[in-house]
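Worksheet for the structure shown next.
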Amino acid sequence: MISLTVNGETRRTAASTIAELVRELDLDPAKVAVEHNGTIAPRSELSKHTVADGDVLEIVHFVGGGHADDSWSVAGHTFHSRLIVGTGKYKDFEQNAAALDASGAEIVTVAVRRVNVSDPNAPMLTDYIDPKKVTYLPNTAGCFTADEAIRTLRLAREAGGWDLVKLEVLGEAKTLYPDMRETLKATEVLAKEGFHPMVYCVDDPIAAKQLEEAGAVAVMPLGAPIGSGLGIQNQVTIRLIVEGASVPVLVDAGVGTASDAAVAMELGCDGVLMNTAIAEAKDPIRMARAMKLAVEAGREAYLAGRMGRRKYADPSSPLAGLI
């Protein structure tokens with residue numbers, strides 16, 4: 001693996017030529033122009049131009065004029081979908097992959113578990129969801145101490161080279177609420193080791209700010225207990241977290257249906273993470289599409305700016321000139 005700067009952002013890659021890098025980005029080499037270390041690389045020779053550690057590339061193409069780019073970034077990674085989905089509770093990997101495709105999500109959370117040594121040929125998630133096309137976000141689901149979480153993510157980095165990770169340290173099994181003391185401890189250690197932790201936390205603006213100061217690249221307050229489907233229970237604190245944060249804020253946990261996702265986005269969150277709401281729906285594929293549209297609609301509503309709330313009615317039609 002080498003480290004390149006692509007369009008102003010650091011990216012690790014196994015590509016050895018510009019053509020391989022362009023294809024890794026799911027782009028057509030015939031439809032882009034590339035500047036390599038300040039020099040234009042002829043399109044016909046992209047497969048001959050080798051890349052090395054530290055190279056700087058600019059890749060451009062034509063887009064429709066006037067389109068507003070509403071992407072978001074975390075730790076140098078830029079995404080266009082504001083929906084993150086999990087990979088648990090589906091009936092099989094095939095359904096999981098189909099739901100991911102319907103959701104339009106570009107990030108999936110993945111748990112780190114022991115290899116089934118008794119059946120090394122058993123299907124694996126990577127057989128169905130390509131980590132070269134979708135960003136894997138290793139998480140620490142099931143960890144109840146900082147040490148457990150740190151150990152898990154060190155193994156994840158060794159397995160796949162991932163530095164962008166999701167940290168959660170649970171306090172107890174009944175509520176699956178985070179243990180914030182252990183969470184802060186783990187955040188500080190991971191940040192010092194070069195990880196970029198996106199951190200699951202309580203819906204508390206003070207705790208969220210402490211995580212940010214400890215090295216969290218994103219804070220992920222719960223909307224309600226994990227897997228409950230209760231929706232966002234405290235819109236006030238989520239809004240306060242958004243207003244005070246200098247890093248992305250994503251609602252993580254508690255979403256049950258599309259309206260919950262829309263509310264999270266209307267509060268100004270940068271994104272929403274969910275698993276059970278899609279996986280346990282009667283039709284997961286259809287629910288994944290609904291969540292995609294809900295996140296988009298909620299974001300549009302936030303950018304549009306909602307009308308003010310009034311105590312009393314205000315007629316849409318003027319009363320002057322009434323017959």
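Residues in the structure tokens are numbered from 1 in each chain, the chains being A, B, ... in the order shown, and ligands are numbered from 1 in the order shown.
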Would you kindly return, as number ranges by chain, each protein, DNA or RNA residue with an atom no farther than 9 Å from any atom of Ile278 of chain A, considering only C-alpha atoms and excluding same-chain residues fewer than 5 positions away? A: 85-86, 90, 99, 256-257, 283-288, 291
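All residues of protein, DNA or RNA that reach within 6 Å of Gly229 of chain A, judged by only C-alpha atoms and not counting those fewer than 2 positions away in the chain, are Gly227, Gly231, Gly254, Val255 and Gly256 of chain A.
With only C-alpha atoms taken into account, the protein and nucleic acid residues at most 8 Å from Ala97 of chain A (excluding it and anything under 3 positions from it in its own chain) are Phe93, Glu94, Leu100, Asp101, Tyr128 and Ile129 of chain A.
Taking only segment 147-318 of chain A, the residues that DSSP calls strand (DSSP E) from the backbone come to Leu164, Val165, Lys166, Leu167, His196, Pro197, Met198, Val199, Tyr200, Cys201, Ala218, Val219, Met220, Pro221, Leu250, Val251, Asp252, Gly271, Val272, Leu273 and Met274 of chain A.
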For Val247 of chain A, which of A:Ala19, A:Ala208, A:Val134, A:Leu267 is the closest residue, counting only C-alpha atoms? A:Ala208
12 Å contact set for Ser259 of chain A, only C-alpha atoms, chain neighbours under 2 positions out, as a ChimeraX atom specification: /A:229-232,255-257,261-266,277,287,290-298
Residues from last step as file, N, CA and C atoms, as a tab-separated table (two decimals), in the first residue's frame:
```tsv
chain	number	residue	atom	x	y	z
A	229	GLY	N	-35.74	0.97	17.73
A	229	GLY	CA	-36.67	1.52	16.75
A	229	GLY	C	-37.57	2.61	17.30
A	230	LEU	N	-37.19	3.23	18.41
A	230	LEU	CA	-38.04	4.22	19.07
A	230	LEU	C	-37.94	5.61	18.44
A	231	GLY	N	-36.96	5.82	17.56
A	231	GLY	CA	-36.78	7.14	16.97
A	231	GLY	C	-36.02	8.06	17.91
A	232	ILE	N	-35.80	9.28	17.46
A	232	ILE	CA	-35.03	10.24	18.26
A	232	ILE	C	-35.87	10.71	19.44
A	255	VAL	N	-33.13	4.51	15.23
A	255	VAL	CA	-33.99	4.79	14.08
A	255	VAL	C	-34.86	3.57	13.80
A	256	GLY	N	-36.16	3.83	13.58
A	256	GLY	CA	-37.07	2.72	13.32
A	256	GLY	C	-37.70	2.76	11.95
A	257	THR	N	-37.91	3.97	11.43
A	257	THR	CA	-38.54	4.11	10.13
A	257	THR	C	-38.05	5.38	9.45
A	261	ALA	N	-35.32	9.00	10.32
A	261	ALA	CA	-34.12	9.41	9.59
A	261	ALA	C	-34.27	10.84	9.10
A	262	ALA	N	-35.45	11.19	8.62
A	262	ALA	CA	-35.68	12.56	8.14
A	262	ALA	C	-35.53	13.56	9.28
A	263	VAL	N	-36.05	13.22	10.46
A	263	VAL	CA	-35.94	14.12	11.62
A	263	VAL	C	-34.47	14.37	11.95
A	264	ALA	N	-33.68	13.32	11.95
A	264	ALA	CA	-32.25	13.47	12.27
A	264	ALA	C	-31.59	14.45	11.31
A	265	MET	N	-31.92	14.35	10.03
A	265	MET	CA	-31.32	15.23	9.05
A	265	MET	C	-31.86	16.65	9.18
A	266	GLU	N	-33.13	16.79	9.52
A	266	GLU	CA	-33.72	18.12	9.69
A	266	GLU	C	-33.10	18.86	10.88
A	277	ALA	N	-33.34	-1.18	11.62
A	277	ALA	CA	-34.50	-0.60	10.95
A	277	ALA	C	-34.66	-1.14	9.53
A	287	MET	N	-37.32	-0.98	2.37
A	287	MET	CA	-37.03	-0.07	3.48
A	287	MET	C	-35.71	0.66	3.25
A	290	ALA	N	-36.44	3.46	1.07
A	290	ALA	CA	-37.17	4.48	1.82
A	290	ALA	C	-36.22	5.31	2.67
A	291	MET	N	-35.25	4.65	3.31
A	291	MET	CA	-34.29	5.37	4.14
A	291	MET	C	-33.41	6.29	3.31
A	292	LYS	N	-33.04	5.84	2.14
A	292	LYS	CA	-32.25	6.68	1.23
A	292	LYS	C	-33.00	7.98	0.92
A	293	LEU	N	-34.28	7.84	0.56
A	293	LEU	CA	-35.09	9.00	0.22
A	293	LEU	C	-35.35	9.89	1.43
A	294	ALA	N	-35.53	9.27	2.60
A	294	ALA	CA	-35.79	10.04	3.82
A	294	ALA	C	-34.60	10.89	4.21
A	295	VAL	N	-33.40	10.32	4.12
A	295	VAL	CA	-32.20	11.07	4.45
A	295	VAL	C	-32.03	12.24	3.48
A	296	GLU	N	-32.28	11.98	2.20
A	296	GLU	CA	-32.18	13.05	1.21
A	296	GLU	C	-33.22	14.14	1.45
A	297	ALA	N	-34.46	13.73	1.75
A	297	ALA	CA	-35.52	14.71	1.99
A	297	ALA	C	-35.25	15.54	3.24
A	298	GLY	N	-34.80	14.87	4.30
A	298	GLY	CA	-34.49	15.59	5.53
A	298	GLY	C	-33.37	16.59	5.35
```
